[in-house]
>>> print(open('final21.txt').read())   # compact mmCIF, C-alpha atoms
# COMPACT_ATOMS: atom_id res chain seq x y z
CA MET A 273 0.00 0.00 0.00
CA ASN A 274 2.87 2.38 0.90
CA ARG A 275 4.66 1.60 -2.36
CA ARG A 276 1.53 2.37 -4.33
CA ARG A 277 1.14 5.67 -2.53
CA VAL A 278 4.74 6.65 -3.20
CA LEU A 279 4.39 5.71 -6.87
CA ALA A 280 1.13 7.62 -7.17
CA GLY A 281 2.68 10.62 -5.44
CA SER A 282 5.73 10.50 -7.71
CA LEU A 283 3.61 10.34 -10.83
CA PHE A 284 1.51 13.23 -9.63
CA ALA A 285 4.59 15.26 -8.76
CA PHE A 286 5.99 14.62 -12.23
CA LEU A 287 2.74 15.74 -13.88
CA CYS A 288 2.71 18.89 -11.74
CA CYS A 289 6.26 19.71 -12.78
CA LEU A 290 5.50 19.11 -16.42
CA SER A 291 2.53 21.44 -16.30
CA CYS A 292 4.60 24.06 -14.48
CA VAL A 293 7.28 23.91 -17.16
CA LEU A 294 4.74 24.16 -19.97
CA LEU A 295 2.93 27.05 -18.30
CA ALA A 296 6.19 28.87 -17.67
CA LYS A 297 7.28 28.50 -21.28
CA ALA A 298 3.91 29.73 -22.48
CA ALA A 299 4.41 32.95 -20.48
CA GLY A 300 6.93 34.00 -23.08
CA PRO A 301 10.06 36.16 -22.86
CA GLN A 302 9.97 39.42 -20.99
CA SER A 303 13.16 41.17 -22.06
CA VAL A 304 13.00 44.28 -24.23
CA GLY A 305 15.80 44.54 -26.71
CA GLY A 306 17.94 47.64 -27.20
CA VAL A 307 18.36 50.87 -25.36
CA SER A 308 16.91 53.86 -27.20
CA ASP A 309 16.38 57.59 -26.69
CA VAL A 310 19.47 58.19 -24.60
CA ASP A 311 19.68 61.78 -23.43
CA PRO A 312 23.43 62.45 -23.37
CA HIS A 313 22.92 64.95 -20.54
CA LYS A 314 21.51 62.24 -18.30
CA ALA A 315 23.86 59.43 -19.28
CA PHE A 316 27.12 58.68 -17.52
CA GLY A 317 30.13 56.60 -18.37
CA SER A 318 31.38 54.91 -21.49
CA LYS A 319 28.89 53.92 -24.18
CA THR A 320 31.03 50.87 -24.89
CA ALA A 321 30.71 49.58 -21.34
CA PRO A 322 29.69 45.90 -21.14
CA ILE A 323 26.69 46.72 -18.96
CA THR A 324 24.05 49.39 -19.53
CA MET A 325 21.91 50.35 -16.59
CA GLU A 326 18.76 52.43 -16.94
CA VAL A 327 17.52 53.74 -13.62
CA PHE A 328 13.88 54.82 -13.60
CA SER A 329 13.26 57.08 -10.65
CA ASP A 330 10.94 59.70 -9.24
CA PHE A 331 12.41 62.67 -7.37
CA GLN A 332 9.59 62.60 -4.83
CA CYS A 333 9.97 58.89 -4.06
CA PRO A 334 11.65 58.15 -0.68
CA ALA A 335 13.07 54.85 -1.94
CA CYS A 336 14.64 56.65 -4.89
CA LYS A 337 16.25 59.04 -2.45
CA SER A 338 17.77 56.08 -0.54
CA PHE A 339 18.96 54.54 -3.76
CA TYR A 340 20.44 57.76 -5.14
CA LEU A 341 22.22 58.83 -1.96
CA GLY A 342 23.45 55.32 -1.15
CA THR A 343 23.88 52.73 -3.86
CA ASN A 344 24.02 55.09 -6.83
CA ARG A 345 27.02 57.01 -5.47
CA GLN A 346 29.03 53.82 -5.04
CA LEU A 347 27.98 52.61 -8.47
CA MET A 348 29.24 55.81 -10.04
CA ASP A 349 32.56 55.59 -8.22
CA ASN A 350 33.23 51.88 -8.74
CA TYR A 351 31.55 50.94 -12.00
CA VAL A 352 30.63 53.96 -14.08
CA SER A 353 33.90 55.82 -13.75
CA THR A 354 35.85 52.60 -14.47
CA GLY A 355 34.03 51.95 -17.72
CA LYS A 356 32.10 48.91 -16.55
CA ILE A 357 28.64 50.43 -16.61
CA PHE A 358 26.98 52.97 -18.85
CA MET A 359 24.33 54.51 -16.63
CA ILE A 360 21.24 56.34 -17.83
CA HIS A 361 18.96 58.25 -15.50
CA ARG A 362 15.36 58.02 -16.65
CA ASP A 363 12.48 60.07 -15.30
CA PHE A 364 9.44 58.15 -14.15
CA PRO A 365 7.28 60.64 -12.22
CA LEU A 366 4.56 58.69 -10.48
CA PRO A 367 1.04 60.18 -10.73
CA LEU A 368 0.57 60.03 -6.96
CA HIS A 369 3.44 62.49 -6.38
CA ALA A 370 2.20 66.02 -6.95
CA HIS A 371 5.54 67.73 -7.53
CA SER A 372 7.66 65.00 -9.06
CA ARG A 373 7.08 66.11 -12.65
CA VAL A 374 8.10 69.66 -11.78
CA ALA A 375 11.23 68.32 -10.12
CA ALA A 376 11.93 66.21 -13.21
CA ARG A 377 11.66 69.32 -15.42
CA TYR A 378 14.13 71.22 -13.27
CA ALA A 379 16.53 68.29 -13.22
CA ARG A 380 16.36 67.98 -17.01
CA ALA A 381 16.88 71.68 -17.48
CA ALA A 382 19.87 71.54 -15.14
CA ALA A 383 21.22 68.58 -17.10
CA GLN A 384 21.17 70.66 -20.27
CA ILE A 385 23.47 73.23 -18.70
CA GLY A 386 25.76 70.55 -17.29
CA LYS A 387 24.54 70.74 -13.71
CA THR A 388 22.90 67.31 -13.38
CA GLU A 389 24.64 66.06 -10.29
CA PRO A 390 24.37 69.09 -7.96
CA VAL A 391 20.69 69.57 -8.80
CA GLU A 392 19.75 65.88 -8.45
CA GLN A 393 21.69 65.78 -5.19
CA ALA A 394 19.88 68.87 -3.90
CA LEU A 395 16.46 67.55 -4.92
CA PHE A 396 16.95 64.20 -3.22
CA GLN A 397 18.64 65.57 -0.10
CA ASN A 398 15.88 68.15 0.44
CA GLN A 399 13.04 65.93 -0.71
CA GLU A 400 11.03 66.21 2.51
CA LYS A 401 11.10 70.02 2.37
CA TRP A 402 10.03 70.65 -1.20
CA GLU A 403 7.45 67.89 -1.30
CA GLN A 404 5.63 69.67 1.55
CA THR A 405 5.93 73.20 0.17
CA GLY A 406 6.16 72.47 -3.57
CA ASP A 407 9.13 74.86 -3.75
CA VAL A 408 11.26 72.97 -6.25
CA ASP A 409 12.51 76.23 -7.73
CA GLY A 410 13.93 77.43 -4.41
CA THR A 411 15.64 74.09 -3.78
CA VAL A 412 17.34 74.14 -7.17
CA ALA A 413 18.21 77.85 -6.96
CA ALA A 414 20.09 77.22 -3.72
CA VAL A 415 22.74 75.18 -5.53
CA LEU A 416 23.03 77.20 -8.74
CA SER A 417 24.39 80.60 -9.56
CA ALA A 418 22.07 83.41 -10.60
CA SER A 419 22.79 82.99 -14.29
CA GLU A 420 22.44 79.22 -14.10
CA ILE A 421 19.04 79.30 -12.41
CA ALA A 422 17.87 81.88 -14.94
CA LYS A 423 18.76 79.48 -17.76
CA VAL A 424 17.05 76.61 -15.95
CA ARG A 425 13.89 78.64 -15.41
CA ALA A 426 13.83 79.64 -19.05
CA LEU A 427 14.12 76.00 -20.11
CA VAL A 428 11.39 74.92 -17.69
CA LYS A 429 9.05 77.69 -18.87
CA GLY A 430 9.82 76.83 -22.50
CA GLY A 431 7.75 73.68 -22.13
CA THR A 432 10.11 71.61 -24.27
CA LEU A 433 11.16 69.27 -21.49
CA ASP A 434 7.93 67.36 -21.05
CA GLY A 435 8.48 65.53 -24.32
CA ALA A 436 11.69 63.96 -23.05
CA ILE A 437 10.10 63.10 -19.71
CA ASP A 438 7.14 61.49 -21.48
CA LYS A 439 9.53 59.46 -23.66
CA ASP A 440 11.29 58.15 -20.55
CA TYR A 441 7.92 57.34 -18.98
CA ALA A 442 6.75 55.50 -22.09
CA LEU A 443 10.01 53.58 -22.20
CA GLY A 444 9.49 52.60 -18.59
CA GLN A 445 5.99 51.39 -19.35
CA GLY A 446 7.45 49.32 -22.14
CA TYR A 447 9.65 47.64 -19.55
CA ARG A 448 6.55 47.24 -17.34
CA VAL A 449 7.99 49.59 -14.74
CA ASN A 450 5.33 50.44 -12.18
CA GLN A 451 7.42 51.24 -9.13
CA THR A 452 10.42 53.35 -8.43
CA PRO A 453 13.31 52.98 -8.31
CA THR A 454 13.50 50.33 -10.99
CA SER A 455 16.82 49.57 -12.62
CA ILE A 456 16.87 47.82 -15.98
CA ILE A 457 20.25 46.18 -16.44
CA HIS A 458 21.32 45.16 -19.95
CA SER A 459 24.14 42.71 -20.44
CA LYS A 460 24.97 40.44 -23.39
CA GLY A 461 21.54 40.80 -24.96
CA GLN A 462 19.75 40.00 -21.72
CA THR A 463 17.60 42.37 -19.68
CA TYR A 464 17.28 42.16 -15.91
CA PRO A 465 14.76 44.30 -14.02
CA VAL A 466 15.70 45.19 -10.46
CA VAL A 467 12.94 46.76 -8.42
CA GLY A 468 13.39 48.67 -5.20
CA VAL A 469 16.38 49.75 -3.18
CA VAL A 470 19.22 47.27 -3.33
CA SER A 471 22.32 47.52 -1.18
CA PHE A 472 25.56 48.07 -3.02
CA ASP A 473 27.12 44.80 -1.78
CA ILE A 474 24.33 42.67 -3.24
CA LEU A 475 24.16 44.65 -6.47
CA LYS A 476 27.93 44.46 -6.81
CA GLN A 477 27.77 40.68 -6.57
CA PHE A 478 25.27 40.58 -9.42
CA LEU A 479 27.20 43.02 -11.57
CA ASP A 480 30.48 41.18 -11.03
CA GLN A 481 28.85 37.95 -12.17
CA LEU A 482 27.53 39.63 -15.27
CA LEU A 483 30.96 41.07 -16.01
CA SER A 484 32.61 37.68 -15.57
CA GLN A 485 30.25 36.05 -18.08
CA LYS A 486 32.01 34.93 -21.24
CA MET B 1081 -22.49 -2.99 5.99
CA MET B 1082 -20.86 -0.11 4.09
CA GLN B 1083 -19.12 2.56 6.15
CA SER B 1084 -18.68 6.19 5.08
CA SER B 1085 -15.89 7.06 2.63
CA PRO B 1086 -12.50 7.84 4.18
CA LEU B 1087 -12.63 11.24 2.49
CA ASN B 1088 -13.75 13.56 5.26
CA LEU B 1089 -13.19 17.30 5.56
CA ARG B 1090 -9.86 16.92 7.35
CA ARG B 1091 -8.41 14.64 4.73
CA ALA B 1092 -9.79 16.79 1.93
CA VAL B 1093 -8.07 19.85 3.36
CA VAL B 1094 -4.81 17.94 3.73
CA TRP B 1095 -5.03 16.79 0.12
CA ILE B 1096 -5.87 20.26 -1.15
CA GLY B 1097 -3.01 21.72 0.89
CA ARG B 1098 -0.56 19.18 -0.46
CA LEU B 1099 -1.61 19.73 -4.05
CA VAL B 1100 -1.78 23.51 -3.95
CA LEU B 1101 1.24 24.20 -1.76
CA GLY B 1102 3.31 21.40 -3.28
CA GLY B 1103 2.69 22.68 -6.79
CA ILE B 1104 3.30 26.31 -5.85
CA PHE B 1105 6.52 25.51 -4.01
CA ILE B 1106 7.89 23.50 -6.91
CA TYR B 1107 7.05 26.23 -9.42
CA ALA B 1108 8.35 28.99 -7.14
CA GLY B 1109 11.70 27.26 -6.65
CA TYR B 1110 12.02 26.27 -10.28
CA SER B 1111 11.23 29.75 -11.55
CA LYS B 1112 13.78 31.37 -9.23
CA ILE B 1113 16.55 28.97 -10.30
CA PHE B 1114 15.89 28.89 -14.05
CA LEU B 1115 14.04 32.17 -14.78
CA PRO B 1116 11.82 30.59 -17.45
CA ASN B 1117 10.37 33.99 -18.40
CA MET B 1118 13.75 35.02 -19.88
CA ASN B 1119 15.03 33.95 -23.25
CA PRO B 1120 17.81 32.80 -23.26
CA HIS B 1121 17.77 31.57 -19.67
CA PRO B 1122 20.65 33.08 -17.71
CA PRO B 1123 23.11 30.87 -15.81
CA ILE B 1124 21.93 29.69 -12.40
CA ASN B 1125 24.44 31.83 -10.48
CA ILE B 1126 23.08 34.96 -12.15
CA ALA B 1127 19.48 33.89 -11.55
CA LEU B 1128 20.23 33.37 -7.86
CA SER B 1129 22.02 36.74 -7.64
CA LEU B 1130 18.96 38.36 -9.17
CA PHE B 1131 16.83 36.64 -6.52
CA ALA B 1132 19.28 37.87 -3.88
CA MET B 1133 18.51 41.44 -4.94
CA GLN B 1134 14.79 40.76 -4.54
CA VAL B 1135 15.41 39.38 -1.04
CA ASP B 1136 17.59 42.39 -0.27
CA SER B 1137 14.87 44.81 -1.33
CA TYR B 1138 12.82 43.67 1.69
CA GLN B 1139 15.50 45.39 3.84
CA LEU B 1140 15.28 42.67 6.48
CA LEU B 1141 18.61 40.87 6.45
CA PRO B 1142 22.30 41.75 6.24
CA PRO B 1143 24.11 40.77 3.02
CA ARG B 1144 25.23 37.41 4.42
CA GLY B 1145 21.68 36.53 5.39
CA VAL B 1146 20.41 37.64 2.01
CA ASN B 1147 22.91 35.41 0.23
CA LEU B 1148 22.12 32.45 2.45
CA ILE B 1149 18.41 32.75 1.75
CA ALA B 1150 18.89 33.42 -1.95
CA HIS B 1151 21.14 30.42 -2.49
CA THR B 1152 19.18 27.89 -0.42
CA LEU B 1153 15.51 28.83 -0.46
CA PRO B 1154 14.77 28.02 -4.13
CA PHE B 1155 16.21 24.51 -3.79
CA ALA B 1156 14.45 24.00 -0.47
CA GLU B 1157 11.18 25.05 -2.09
CA VAL B 1158 11.53 22.48 -4.86
CA ALA B 1159 12.44 19.73 -2.40
CA LEU B 1160 9.61 20.62 -0.01
CA GLY B 1161 7.14 20.77 -2.88
CA PHE B 1162 8.06 17.27 -3.97
CA LEU B 1163 7.93 15.96 -0.43
CA LEU B 1164 4.47 17.43 0.10
CA LEU B 1165 3.19 15.84 -3.07
CA LEU B 1166 4.76 12.50 -2.21
CA GLY B 1167 3.18 12.56 1.22
CA TRP B 1168 6.15 10.92 2.90
CA ARG B 1169 6.73 12.02 6.54
CA LEU B 1170 4.09 14.62 5.95
CA ARG B 1171 4.05 16.05 9.49
CA ILE B 1172 7.66 17.16 9.30
CA TRP B 1173 7.51 18.76 5.87
CA ALA B 1174 4.10 20.30 6.41
CA THR B 1175 5.42 21.94 9.58
CA ILE B 1176 8.46 23.32 7.77
CA VAL B 1177 6.31 24.59 4.91
CA SER B 1178 4.01 26.30 7.43
CA LEU B 1179 6.95 27.98 9.14
CA ILE B 1180 8.30 29.19 5.81
CA MET B 1181 4.90 30.50 4.75
CA LEU B 1182 4.36 32.26 8.08
CA GLY B 1183 7.82 33.81 7.92
CA PHE B 1184 7.25 34.99 4.39
CA PHE B 1185 3.81 36.34 5.22
CA ALA B 1186 5.28 38.33 8.11
CA ALA B 1187 7.93 39.80 5.78
CA VAL B 1188 5.30 40.70 3.20
CA VAL B 1189 3.03 42.36 5.76
CA ARG B 1190 5.94 44.31 7.23
CA SER B 1191 7.08 45.51 3.81
CA TYR B 1192 3.56 46.48 2.78
CA ALA B 1193 3.01 48.35 6.06
CA MET B 1194 6.29 50.20 5.54
CA GLY B 1195 5.18 51.20 2.06
CA LEU B 1196 8.15 49.57 0.37
CA GLN B 1197 7.76 49.64 -3.38
CA ILE B 1198 9.26 46.29 -4.23
CA ASN B 1199 8.54 43.09 -6.05
CA CYS B 1200 7.14 40.15 -4.15
CA GLY B 1201 10.00 37.93 -5.39
CA CYS B 1202 7.69 34.93 -5.17
CA PHE B 1203 8.12 33.80 -8.75
CA ALA B 1204 10.21 34.65 -11.82
CA ASN B 1205 7.78 37.20 -13.22
CA PRO B 1206 8.12 40.58 -11.49
CA GLU B 1207 5.08 41.05 -9.28
CA PRO B 1208 4.51 44.27 -7.31
CA LEU B 1209 3.80 43.91 -3.62
CA THR B 1210 0.16 44.96 -3.27
CA ILE B 1211 -2.70 44.24 -0.88
CA LYS B 1212 -3.73 41.40 -3.20
CA THR B 1213 -0.31 39.81 -2.69
CA VAL B 1214 -0.69 40.18 1.07
CA PHE B 1215 -4.09 38.46 1.03
CA ARG B 1216 -2.90 35.75 -1.30
CA ASP B 1217 0.14 34.95 0.83
CA GLY B 1218 -1.96 35.11 3.98
CA SER B 1219 -4.41 32.62 2.53
CA LEU B 1220 -1.63 30.26 1.55
CA ALA B 1221 -0.04 30.58 5.00
CA ALA B 1222 -3.42 29.81 6.58
CA LEU B 1223 -3.86 26.80 4.32
CA ALA B 1224 -0.39 25.56 5.26
CA VAL B 1225 -1.11 25.88 8.98
CA ILE B 1226 -4.51 24.20 8.75
CA MET B 1227 -3.08 21.43 6.60
CA THR B 1228 -0.34 20.86 9.19
CA VAL B 1229 -2.78 20.81 12.11
CA PHE B 1230 -5.08 18.37 10.31
CA THR B 1231 -2.09 16.20 9.40
CA PHE B 1232 -1.22 15.87 13.08
CA MET B 1233 -4.86 15.22 13.95
CA GLU B 1234 -5.07 12.52 11.32
CA VAL B 1235 -2.20 10.71 12.97
CA ARG B 1236 -3.79 10.93 16.42
CA LYS B 1237 -7.32 10.10 15.32
CA PRO B 1238 -7.11 8.13 12.11
CA HIS B 1239 -10.23 7.13 10.16
CA PRO B 1240 -11.78 3.81 11.29
CA TRP B 1241 -10.76 2.17 8.01
CA THR B 1242 -7.11 2.87 8.70
CA ALA B 1243 -7.19 2.11 12.43
CA PRO B 1244 -6.14 -1.40 13.45
CA GLN B 1245 -9.13 -3.78 13.74
CA LYS B 1246 -10.16 -4.63 17.32
CA THR B 1247 -10.90 -8.31 17.78
>>> encode(input="final21.txt", output="structure tokens")
Amino acid sequence: MNRRRVLAGSLFAFLCCLSCVLLAKAAGPQSVGGVSDVDPHKAFGSKTAPITMEVFSDFQCPACKSFYLGTNRQLMDNYVSTGKIFMIHRDFPLPLHAHSRVAARYARAAAQIGKTEPVEQALFQNQEKWEQTGDVDGTVAAVLSASEIAKVRALVKGGTLDGAIDKDYALGQGYRVNQTPTSIIHSKGQTYPVVGVVSFDILKQFLDQLLSQK
Amino acid sequence: MMQSSPLNLRRAVVWIGRLVLGGIFIYAGYSKIFLPNMNPHPPINIALSLFAMQVDSYQLLPPRGVNLIAHTLPFAEVALGFLLLLGWRLRIWATIVSLIMLGFFAAVVRSYAMGLQINCGCFANPEPLTIKTVFRDGSLAALAVIMTVFTFMEVRKPHPWTAPQKT
């Protein structure tokens, strides 16, 4: 009786596995090929780097702040500057954040005058202040000179920046991004989505394994 | 004189628990190891590193703990799934499955309460952590616990057909 039960259980287990495999294959591939619409002002590192990393973030998102001020800094120092990663910052302003699109416009405008890093840093570091007051302009002005902020304001008022933000957003939707931060890592024709804040040590492990792939 | 069928509510729940949880565990472990949604499938070490990042996004464990979980849990899930389906030493494996499900449910509830925008990490396909995920995992944890309790009860009070005949 026991032997029959074990045999029946084994057969059932095999059928379950087979159906799992067939269902999984039917789900189809998820990766999106190619990286397009790269804004050179918001891209960092060598274009010939073996890994391309698109980071979709929202300036009003607390998790994005943690990622930017923690992991991102170490990534820039250890992988981007050494030619291992080509990093692209993508805007993905979530609808539930009232001021994130405004912040994205200011960051893009700052990028066009070569002031990406100080403005992004200021926006993330002072996130709690400007998300309460909506004073993105004041936050950005605090880290720019008078002439620089004038240029930024002109670009923001020009209304030409929303197109680029919308393109990033559409690209994110193509990758099925629905949370921020989401990093899309491209390596050897494969695409790996990484959602949420990841510590540098764990991300480093993954990146090193990708780099060591033949 | 015919007696009632051995299939009572307790046994039915145990069977349902074994089938559902066994199948889910096997698929969950398999999908984490082989990433069937990707074409071509990445090497196992990369798949497990990707899972490690999903575990890390819960912000619960230090890197060593994350790596331990990431490199053992998928294989344990497959093994436990098979053992549940086989029905061998069911009390032990059902208890372990219940503990795993309860631990995971606690992590999911904590992350949801904290407002973490992360993926569940349950299967290969990215799945946002929402209230639906919380309810689903809670239901599965409840099923695991009930299945385990009924398994122990079955041993203590077996059905008359399985109990030794009194002469």
>>> closest_residue(input="final21.txt", among="A:Ser484, A:Gln399, A:Thr452, A:Gln445", to="chain B", atoms="all atoms listed in the file")
A:Thr452
>>> atom_distance(input="final21.txt", atom1="atom CA of A:Pro390", atom2="atom CA of A:Thr405")
20.6 Å
>>> interface_residues(input="final21.txt", of="chain B", to="chain A", cutoff="8 Å", atoms="all atoms listed in the file", output="CSV table (one decimal) with C-alpha atoms, in the coordinates of the input")
chain,number,residue,atom,x,y,z
B,1103,GLY,CA,2.7,22.7,-6.8
B,1106,ILE,CA,7.9,23.5,-6.9
B,1107,TYR,CA,7.0,26.2,-9.4
B,1111,SER,CA,11.2,29.8,-11.6
B,1116,PRO,CA,11.8,30.6,-17.4
B,1117,ASN,CA,10.4,34.0,-18.4
B,1118,MET,CA,13.8,35.0,-19.9
B,1119,ASN,CA,15.0,34.0,-23.2
B,1120,PRO,CA,17.8,32.8,-23.3
B,1125,ASN,CA,24.4,31.8,-10.5
B,1126,ILE,CA,23.1,35.0,-12.2
B,1129,SER,CA,22.0,36.7,-7.6
B,1130,LEU,CA,19.0,38.4,-9.2
B,1132,ALA,CA,19.3,37.9,-3.9
B,1133,MET,CA,18.5,41.4,-4.9
B,1134,GLN,CA,14.8,40.8,-4.5
B,1136,ASP,CA,17.6,42.4,-0.3
B,1137,SER,CA,14.9,44.8,-1.3
B,1143,PRO,CA,24.1,40.8,3.0
B,1162,PHE,CA,8.1,17.3,-4.0
B,1165,LEU,CA,3.2,15.8,-3.1
B,1166,LEU,CA,4.8,12.5,-2.2
B,1167,GLY,CA,3.2,12.6,1.2
B,1168,TRP,CA,6.2,10.9,2.9
B,1196,LEU,CA,8.2,49.6,0.4
B,1197,GLN,CA,7.8,49.6,-3.4
B,1198,ILE,CA,9.3,46.3,-4.2
B,1199,ASN,CA,8.5,43.1,-6.0
B,1208,PRO,CA,4.5,44.3,-7.3
>>> atom_distance(input="final21.txt", atom1="atom CA of A:Leu341", atom2="atom CA of A:Ala394")
10.5 Å
>>> atom_distance(input="final21.txt", atom1="atom CA of B:Phe1203", atom2="atom CA of B:Leu1140")
19.0 Å
>>> closest_residue(input="final21.txt", among="B:Leu1153, B:Trp1095, B:Thr1175, B:Tyr1138", to="B:Leu1209", atoms="all atoms listed in the file")
B:Tyr1138
>>> closest_residue(input="final21.txt", among="A:Ser329, A:Ser353, A:Ser459, A:Ser419", to="A:Ala375", atoms="only C-alpha atoms")
A:Ser329
>>> residues_around(input="final21.txt", residues="B:Ser1178", least_positions_apart="2", cutoff="8 Å", atoms="all atoms listed in the file", output="list in words")
Ala1174, Thr1175, Ile1176, Ile1180, Met1181, Leu1182, Ala1221, Ala1224, Val1225 and Thr1228 of chain B
>>> axis_aligned_box(input="final21.txt", around="stretch 1094-1111 of chain B", padding_each_side="6 Å", output="JSON")
{"center_x": 3.1, "center_y": 23.3, "center_z": -3.9, "size_x": 29.9, "size_y": 25.0, "size_z": 27.3}
>>> residues_around(input="final21.txt", residues="A:Val412", least_positions_apart="5", cutoff="8 Å", atoms="all atoms listed in the file", output="tab-separated table (two decimals) with C-alpha atoms, in the coordinates of the input")
chain	number	residue	atom	x	y	z
A	378	TYR	CA	14.13	71.22	-13.27
A	391	VAL	CA	20.69	69.57	-8.80
A	394	ALA	CA	19.88	68.87	-3.90
A	395	LEU	CA	16.46	67.55	-4.92
A	421	ILE	CA	19.04	79.30	-12.41
>>> decode(input="final21.txt", residues="stretch 1143-1207 of chain B", atoms="C-alpha atoms", output="short mmCIF file (atom, residue, chain, number, x, y, z; two decimals), in the first residue's frame")
data_model
loop_
_atom_site.label_atom_id
_atom_site.label_comp_id
_atom_site.auth_asym_id
_atom_site.auth_seq_id
_atom_site.Cartn_x
_atom_site.Cartn_y
_atom_site.Cartn_z
CA PRO B 1143 24.11 40.77 3.02
CA ARG B 1144 25.23 37.41 4.42
CA GLY B 1145 21.68 36.53 5.39
CA VAL B 1146 20.41 37.64 2.01
CA ASN B 1147 22.91 35.41 0.23
CA LEU B 1148 22.12 32.45 2.45
CA ILE B 1149 18.41 32.75 1.75
CA ALA B 1150 18.89 33.42 -1.95
CA HIS B 1151 21.14 30.42 -2.49
CA THR B 1152 19.18 27.89 -0.42
CA LEU B 1153 15.51 28.83 -0.46
CA PRO B 1154 14.77 28.02 -4.13
CA PHE B 1155 16.21 24.51 -3.79
CA ALA B 1156 14.45 24.00 -0.47
CA GLU B 1157 11.18 25.05 -2.09
CA VAL B 1158 11.53 22.48 -4.86
CA ALA B 1159 12.44 19.73 -2.40
CA LEU B 1160 9.61 20.62 -0.01
CA GLY B 1161 7.14 20.77 -2.88
CA PHE B 1162 8.06 17.27 -3.97
CA LEU B 1163 7.93 15.96 -0.43
CA LEU B 1164 4.47 17.43 0.10
CA LEU B 1165 3.19 15.84 -3.07
CA LEU B 1166 4.76 12.50 -2.21
CA GLY B 1167 3.18 12.56 1.22
CA TRP B 1168 6.15 10.92 2.90
CA ARG B 1169 6.73 12.02 6.54
CA LEU B 1170 4.09 14.62 5.95
CA ARG B 1171 4.05 16.05 9.49
CA ILE B 1172 7.66 17.16 9.30
CA TRP B 1173 7.51 18.76 5.87
CA ALA B 1174 4.10 20.30 6.41
CA THR B 1175 5.42 21.94 9.58
CA ILE B 1176 8.46 23.32 7.77
CA VAL B 1177 6.31 24.59 4.91
CA SER B 1178 4.01 26.30 7.43
CA LEU B 1179 6.95 27.98 9.14
CA ILE B 1180 8.30 29.19 5.81
CA MET B 1181 4.90 30.50 4.75
CA LEU B 1182 4.36 32.26 8.08
CA GLY B 1183 7.82 33.81 7.92
CA PHE B 1184 7.25 34.99 4.39
CA PHE B 1185 3.81 36.34 5.22
CA ALA B 1186 5.28 38.33 8.11
CA ALA B 1187 7.93 39.80 5.78
CA VAL B 1188 5.30 40.70 3.20
CA VAL B 1189 3.03 42.36 5.76
CA ARG B 1190 5.94 44.31 7.23
CA SER B 1191 7.08 45.51 3.81
CA TYR B 1192 3.56 46.48 2.78
CA ALA B 1193 3.01 48.35 6.06
CA MET B 1194 6.29 50.20 5.54
CA GLY B 1195 5.18 51.20 2.06
CA LEU B 1196 8.15 49.57 0.37
CA GLN B 1197 7.76 49.64 -3.38
CA ILE B 1198 9.26 46.29 -4.23
CA ASN B 1199 8.54 43.09 -6.05
CA CYS B 1200 7.14 40.15 -4.15
CA GLY B 1201 10.00 37.93 -5.39
CA CYS B 1202 7.69 34.93 -5.17
CA PHE B 1203 8.12 33.80 -8.75
CA ALA B 1204 10.21 34.65 -11.82
CA ASN B 1205 7.78 37.20 -13.22
CA PRO B 1206 8.12 40.58 -11.49
CA GLU B 1207 5.08 41.05 -9.28
#
